[in-house]
$ cat upload17.pdb   # PDB, C-alpha atoms
ATOM      1  CA  MET A   1      11.750  -0.174 -32.665
ATOM      2  CA  THR A   2      12.787  -1.171 -29.160
ATOM      3  CA  SER A   3      12.206   0.651 -25.913
ATOM      4  CA  LYS A   4      14.402   1.053 -22.863
ATOM      5  CA  ARG A   5      12.360  -1.599 -21.099
ATOM      6  CA  MET A   6      13.044  -4.042 -23.975
ATOM      7  CA  ASN A   7      16.733  -3.279 -23.809
ATOM      8  CA  VAL A   8      16.763  -4.332 -20.175
ATOM      9  CA  THR A   9      14.718  -7.530 -20.529
ATOM     10  CA  ASN A  10      15.668  -8.848 -23.973
ATOM     11  CA  PRO A  11      19.037 -10.155 -25.183
ATOM     12  CA  LYS A  12      20.751  -8.062 -27.831
ATOM     13  CA  TYR A  13      20.403 -10.697 -30.563
ATOM     14  CA  GLN A  14      16.607 -10.746 -30.035
ATOM     15  CA  GLN A  15      16.442  -6.972 -30.380
ATOM     16  CA  ILE A  16      18.414  -7.189 -33.628
ATOM     17  CA  ALA A  17      16.146  -9.959 -34.944
ATOM     18  CA  VAL A  18      13.078  -7.852 -34.220
ATOM     19  CA  ASP A  19      14.579  -4.781 -35.841
ATOM     20  CA  VAL A  20      15.573  -6.707 -39.008
ATOM     21  CA  ALA A  21      12.125  -8.356 -39.146
ATOM     22  CA  ALA A  22      10.513  -4.920 -38.911
ATOM     23  CA  LYS A  23      12.581  -3.726 -41.864
ATOM     24  CA  ILE A  24      11.542  -6.807 -43.819
ATOM     25  CA  ALA A  25       7.888  -6.244 -42.880
ATOM     26  CA  ASP A  26       7.943  -2.681 -44.219
ATOM     27  CA  GLN A  27       9.996  -3.870 -47.216
ATOM     28  CA  THR A  28      13.064  -1.824 -46.405
ATOM     29  CA  PHE A  29      14.641  -5.215 -47.006
ATOM     30  CA  PRO A  30      12.560  -6.691 -49.888
ATOM     31  CA  VAL A  31      12.194 -10.390 -50.628
ATOM     32  CA  GLY A  32      15.369 -11.730 -52.194
ATOM     33  CA  ASP A  33      17.675  -9.177 -50.580
ATOM     34  CA  LYS A  34      20.871 -10.592 -49.164
ATOM     35  CA  ILE A  35      21.595  -9.931 -45.496
ATOM     36  CA  HIS A  36      25.260  -9.845 -44.515
ATOM     37  CA  ALA A  37      25.084 -11.011 -40.936
ATOM     38  CA  ARG A  38      28.735 -11.042 -39.926
ATOM     39  CA  SER A  39      29.718  -7.720 -41.464
ATOM     40  CA  THR A  40      26.771  -5.389 -42.060
ATOM     41  CA  LEU A  41      24.652  -6.319 -39.027
ATOM     42  CA  ALA A  42      27.599  -6.659 -36.654
ATOM     43  CA  ASN A  43      28.875  -3.208 -37.594
ATOM     44  CA  LYS A  44      25.456  -1.553 -37.698
ATOM     45  CA  TYR A  45      24.431  -2.720 -34.227
ATOM     46  CA  SER A  46      27.932  -2.616 -32.731
ATOM     47  CA  VAL A  47      27.858  -6.262 -31.707
ATOM     48  CA  SER A  48      30.080  -9.259 -32.218
ATOM     49  CA  PRO A  49      29.685 -11.410 -35.372
ATOM     50  CA  GLU A  50      28.429 -14.212 -33.142
ATOM     51  CA  THR A  51      25.582 -12.019 -31.816
ATOM     52  CA  ALA A  52      24.675 -11.012 -35.367
ATOM     53  CA  ARG A  53      24.687 -14.666 -36.421
ATOM     54  CA  LYS A  54      22.356 -15.607 -33.556
ATOM     55  CA  ALA A  55      19.944 -12.849 -34.619
ATOM     56  CA  ILE A  56      19.839 -14.191 -38.179
ATOM     57  CA  SER A  57      19.414 -17.753 -36.860
ATOM     58  CA  VAL A  58      16.210 -16.634 -35.120
ATOM     59  CA  LEU A  59      14.893 -15.288 -38.433
ATOM     60  CA  VAL A  60      15.937 -18.464 -40.256
ATOM     61  CA  ASP A  61      14.093 -20.625 -37.700
ATOM     62  CA  LEU A  62      10.970 -18.527 -38.244
ATOM     63  CA  GLU A  63      11.376 -18.838 -42.029
ATOM     64  CA  ILE A  64      11.589 -15.069 -42.417
ATOM     65  CA  VAL A  65      15.094 -15.435 -43.826
ATOM     66  CA  LYS A  66      16.498 -18.360 -45.805
ATOM     67  CA  ALA A  67      20.057 -19.599 -45.763
ATOM     68  CA  LYS A  68      21.645 -20.550 -49.036
ATOM     69  CA  HIS A  69      24.644 -22.791 -48.576
ATOM     70  CA  GLY A  70      27.828 -21.019 -49.555
ATOM     71  CA  SER A  71      25.980 -17.860 -50.483
ATOM     72  CA  GLY A  72      24.561 -16.319 -47.303
ATOM     73  CA  PHE A  73      21.154 -15.254 -45.996
ATOM     74  CA  TYR A  74      18.272 -13.878 -48.061
ATOM     75  CA  VAL A  75      14.908 -12.301 -47.203
ATOM     76  CA  HIS A  76      12.248 -14.981 -47.679
ATOM     77  CA  SER A  77       8.831 -13.925 -46.294
ATOM     78  CA  ILE A  78       7.291 -10.515 -45.567
ATOM     79  CA  GLU A  79       4.129 -12.135 -44.145
ATOM     80  CA  LYS A  80       6.026 -14.179 -41.585
ATOM     81  CA  ALA A  81       8.053 -11.097 -40.643
ATOM     82  CA  LYS A  82       4.800  -9.194 -40.002
ATOM     83  CA  LEU A  83       3.424 -12.097 -37.961
ATOM     84  CA  PHE A  84       6.609 -12.230 -35.876
ATOM     85  CA  ILE A  85       6.446  -8.481 -35.186
ATOM     86  CA  GLU A  86       2.789  -8.713 -34.161
ATOM     87  CA  GLN A  87       3.473 -11.624 -31.815
ATOM     88  CA  TYR A  88       6.502  -9.888 -30.381
ATOM     89  CA  GLN A  89       4.521  -6.691 -29.746
ATOM     90  CA  ASP A  90       1.772  -8.708 -28.047
ATOM     91  CA  VAL A  91       4.325 -10.295 -25.739
ATOM     92  CA  GLN A  92       5.838  -6.894 -24.995
ATOM     93  CA  SER A  93       2.375  -5.512 -24.254
ATOM     94  CA  ILE A  94       1.801  -8.328 -21.787
ATOM     95  CA  HIS A  95       5.173  -7.648 -20.171
ATOM     96  CA  ASP A  96       4.402  -3.938 -20.030
ATOM     97  CA  LEU A  97       0.993  -4.576 -18.502
ATOM     98  CA  LYS A  98       2.546  -6.925 -15.961
ATOM     99  CA  ASP A  99       5.169  -4.336 -15.023
ATOM    100  CA  ASP A 100       2.501  -1.623 -14.849
ATOM    101  CA  LEU A 101       0.375  -3.849 -12.627
ATOM    102  CA  ILE A 102       3.328  -4.555 -10.327
ATOM    103  CA  ASP A 103       4.068  -0.821 -10.152
ATOM    104  CA  SER A 104       0.419  -0.090  -9.421
ATOM    105  CA  VAL A 105       0.266  -2.703  -6.632
ATOM    106  CA  LYS A 106       3.484  -1.311  -5.162
ATOM    107  CA  LYS A 107       2.091   2.236  -5.193
ATOM    108  CA  GLN A 108      -1.168   1.032  -3.663
ATOM    109  CA  LYS A 109       0.760  -0.707  -0.896
ATOM    110  CA  GLU A 110       2.727   2.477  -0.240
ATOM    111  CA  GLU A 111      -0.472   4.552  -0.239
ATOM    112  CA  LEU A 112      -2.198   2.021   2.030
ATOM    113  CA  SER A 113       0.763   2.074   4.402
ATOM    114  CA  HIS A 114       0.672   5.882   4.451
ATOM    115  CA  PHE A 115      -3.091   5.817   5.019
ATOM    116  CA  SER A 116      -2.617   3.306   7.840
ATOM    117  CA  GLU A 117      -0.049   5.564   9.499
ATOM    118  CA  ILE A 118      -2.400   8.550   9.284
ATOM    119  CA  LEU A 119      -5.280   6.455  10.640
ATOM    120  CA  ASP A 120      -3.144   5.214  13.547
ATOM    121  CA  LYS A 121      -2.203   8.793  14.395
ATOM    122  CA  LEU A 122      -5.845   9.872  14.205
ATOM    123  CA  VAL A 123      -6.960   7.013  16.455
ATOM    124  CA  ASP A 124      -4.137   7.757  18.898
ATOM    125  CA  GLN A 125      -5.010  11.455  19.010
ATOM    126  CA  THR A 126      -8.695  10.627  19.426
ATOM    127  CA  LYS A 127      -7.927   8.287  22.319
ATOM    128  CA  ARG A 128      -5.764  10.914  23.969
ATOM    129  CA  PHE A 129      -8.457  13.524  23.448
ATOM    130  CA  ASP A 130     -11.079  11.196  24.916
ATOM    131  CA  SER A 131      -8.817  10.491  27.885
ATOM    132  CA  PHE A 132      -7.756  14.052  28.597
ATOM    133  CA  ASN A 133     -10.805  16.030  27.458
ATOM    134  CA  PRO A 134     -12.156  17.690  30.624
ATOM    135  CA  LEU A 135     -15.661  17.678  29.148
ATOM    136  CA  ASN A 136     -15.708  13.937  28.469
ATOM    137  CA  PRO A 137     -17.615  12.117  31.267
ATOM    138  CA  VAL A 138     -15.774   9.407  33.187
ATOM    139  CA  THR A 139     -17.604   6.586  34.957
ATOM    140  CA  PHE A 140     -16.617   4.994  38.238
ATOM    141  CA  THR A 141     -18.521   2.186  39.984
ATOM    142  CA  LEU A 142     -18.453   1.912  43.760
ATOM    143  CA  THR A 143     -18.174  -1.465  45.464
ATOM    144  CA  SER A 144     -18.975  -2.371  49.042
ATOM    145  CA  ASP A 145     -15.297  -1.789  49.909
ATOM    146  CA  ALA A 146     -15.485   1.875  48.956
ATOM    147  CA  SER A 147     -15.074   4.588  51.591
ATOM    148  CA  HIS A 148     -17.628   7.343  52.160
ATOM    149  CA  LEU A 149     -20.658   5.190  51.370
ATOM    150  CA  GLU A 150     -24.051   6.378  52.639
ATOM    151  CA  MET A 151     -22.724   9.953  52.730
ATOM    152  CA  THR A 152     -24.476  12.792  50.930
ATOM    153  CA  ILE A 153     -22.897  14.778  48.117
ATOM    154  CA  SER A 154     -22.691  17.738  50.433
ATOM    155  CA  GLU A 155     -20.855  15.696  53.077
ATOM    156  CA  LEU A 156     -18.413  14.192  50.604
ATOM    157  CA  ASN A 157     -16.872  17.463  49.394
ATOM    158  CA  LEU A 158     -15.938  15.472  46.270
ATOM    159  CA  TRP A 159     -14.916  18.444  44.152
ATOM    160  CA  GLN A 160     -12.708  19.913  46.903
ATOM    161  CA  SER A 161     -10.983  16.550  47.419
ATOM    162  CA  THR A 162     -10.597  15.340  43.858
ATOM    163  CA  SER A 163     -11.437  18.268  41.477
ATOM    164  CA  ALA A 164     -14.142  15.979  39.972
ATOM    165  CA  THR A 165     -17.444  17.597  39.070
ATOM    166  CA  LEU A 166     -20.216  15.077  39.683
ATOM    167  CA  ILE A 167     -22.815  15.201  36.898
ATOM    168  CA  ALA A 168     -24.859  12.013  37.441
ATOM    169  CA  ILE A 169     -25.369   8.968  39.643
ATOM    170  CA  LYS A 170     -26.736   5.651  38.390
ATOM    171  CA  HIS A 171     -28.452   3.682  41.137
ATOM    172  CA  GLY A 172     -29.745   0.375  39.771
ATOM    173  CA  ASP A 173     -31.795   1.249  36.700
ATOM    174  CA  GLU A 174     -32.277   4.855  37.794
ATOM    175  CA  LEU A 175     -30.023   7.606  36.463
ATOM    176  CA  LEU A 176     -29.994  10.768  38.578
ATOM    177  CA  VAL A 177     -28.655  13.679  36.544
ATOM    178  CA  SER A 178     -27.232  16.717  38.358
ATOM    179  CA  PRO A 179     -27.707  15.170  41.792
ATOM    180  CA  GLY A 180     -28.509  17.570  44.592
ATOM    181  CA  PRO A 181     -26.496  18.000  47.800
ATOM    182  CA  TYR A 182     -28.627  15.454  49.684
ATOM    183  CA  ALA A 183     -28.165  12.569  47.259
ATOM    184  CA  LYS A 184     -26.363   9.625  48.845
ATOM    185  CA  LEU A 185     -23.838   7.192  47.408
ATOM    186  CA  THR A 186     -24.346   3.506  48.055
ATOM    187  CA  SER A 187     -22.578   0.292  47.062
ATOM    188  CA  GLY A 188     -23.127  -0.542  43.395
ATOM    189  CA  ASP A 189     -23.695   3.065  42.358
ATOM    190  CA  THR A 190     -21.935   4.332  39.244
ATOM    191  CA  ILE A 191     -20.922   7.969  39.324
ATOM    192  CA  TYR A 192     -20.391  10.131  36.239
ATOM    193  CA  PHE A 193     -17.988  13.021  36.543
ATOM    194  CA  VAL A 194     -15.741  15.297  34.497
ATOM    195  CA  GLY A 195     -12.340  16.630  35.331
ATOM    196  CA  HIS A 196      -8.716  16.759  34.266
ATOM    197  CA  GLU A 197      -6.249  14.001  33.417
ATOM    198  CA  SER A 198      -5.378  13.225  37.038
ATOM    199  CA  THR A 199      -8.962  13.395  38.304
ATOM    200  CA  LEU A 200      -9.748   9.699  37.847
ATOM    201  CA  GLN A 201      -6.763   8.708  39.971
ATOM    202  CA  ARG A 202      -7.809  11.188  42.673
ATOM    203  CA  VAL A 203     -11.344   9.788  42.677
ATOM    204  CA  GLN A 204      -9.995   6.273  43.023
ATOM    205  CA  ASN A 205      -7.736   7.298  45.903
ATOM    206  CA  PHE A 206     -10.646   9.135  47.518
ATOM    207  CA  PHE A 207     -12.921   6.075  47.596
ATOM    208  CA  TYR A 208     -10.160   3.457  47.959
ATOM    209  CA  PRO A 209      -7.384   5.150  49.924
ATOM    210  CA  ASN A 210      -5.624   1.887  50.788
ATOM    211  CA  SER A 211      -5.553   0.341  47.299
TER     212      SER A 211
END
$ encode --input "upload17.pdb" --output "structure tokens"
Amino acid sequence: MTSKRMNVTNPKYQQIAVDVAAKIADQTFPVGDKIHARSTLANKYSVSPETARKAISVLVDLEIVKAKHGSGFYVHSIEKAKLFIEQYQDVQSIHDLKDDLIDSVKKQKEELSHFSEILDKLVDQTKRFDSFNPLNPVTFTLTSDASHLEMTISELNLWQSTSATLIAIKHGDELLVSPGPYAKLTSGDTIYFVGHESTLQRVQNFFYPNS
């Protein structure tokens, strides 16, 4: 009649009351039968007489069992026993659903945490790839303080000095792709180049040697 979850959450006397009510509902204990709380129930469920008495008291309060002074306890109502079982099962269903919902939320939190970890790793790897990928263009804007201004690409020897491969120059609104050897760099220009991880630092040192 009871489950392991019920055994954990419900007192023993309640479990006994439910079990006895179930037997009354299916007429294992018919109306008029005497129930020996202190001896039969205590021995059957391996509990103290006091626990057995409390179980019967629950059934008496619900008018499933009637007490006869000096005689004992007798089965009184099958209908009320059935109603008690139905209500009890509804409560247990609610408890089960609540526990299932808590378990589900916990699992979702664990899955979300795992997903978040994977996403963080993916973002971190993507950032590192974007930073270190030699084919990913890097931009660098020249100010008036930059060295080598007004020099041509040929005069700069940029690749020999920095290992940067210049692929474009943006001058104002004009973007010059694959600039030729005679293209000049002026203040405000943005250069686009590719290279290795240390290339950006070399380019910075090349144009701003004292920074």
$ resolve_selection --input "upload17.pdb" --expression "the PyMOL selection byres ((chain A and resi 178) around 7)" --output "compact mmCIF listing (two decimals) with C-alpha atoms, in the coordinates of the input"
# COMPACT_ATOMS: atom_id res chain seq x y z
CA ILE A 167 -22.82 15.20 36.90
CA ALA A 168 -24.86 12.01 37.44
CA LEU A 176 -29.99 10.77 38.58
CA VAL A 177 -28.66 13.68 36.54
CA PRO A 179 -27.71 15.17 41.79
CA GLY A 180 -28.51 17.57 44.59
$ resolve_selection --input "upload17.pdb" --expression "the PyMOL selection byres ((chain A and resi 30) around 12)" --output "number ranges by chain"
A: 20-29, 31-35, 64-65, 74-79, 81
$ atom_distance --input "upload17.pdb" --atom1 "atom CA of A:Asn10" --atom2 "atom CA of A:Ala67"
24.7 Å
$ resolve_selection --input "upload17.pdb" --expression "the PyMOL selection byres ((chain A and resi 188) around 9)" --output "ChimeraX atom specification"
/A:141-144,170-172,185-187,189-190
$ closest_residue --input "upload17.pdb" --among "A:Gly70, A:Pro11, A:Pro137, A:Pro181" --to "A:Thr165" --atoms "all atoms listed in the file"
A:Pro137
$ atom_distance --input "upload17.pdb" --atom1 "atom CA of A:Ser71" --atom2 "atom CA of A:Ile85"
26.5 Å
$ axis_aligned_box --input "upload17.pdb" --around "stretch 174-185 of chain A" --padding-each-side "5 Å" --output "AutoDock Vina command-line options"
--center_x -28.1 --center_y 11.4 --center_z 43.1 --size_x 18.4 --size_y 23.1 --size_z 23.2
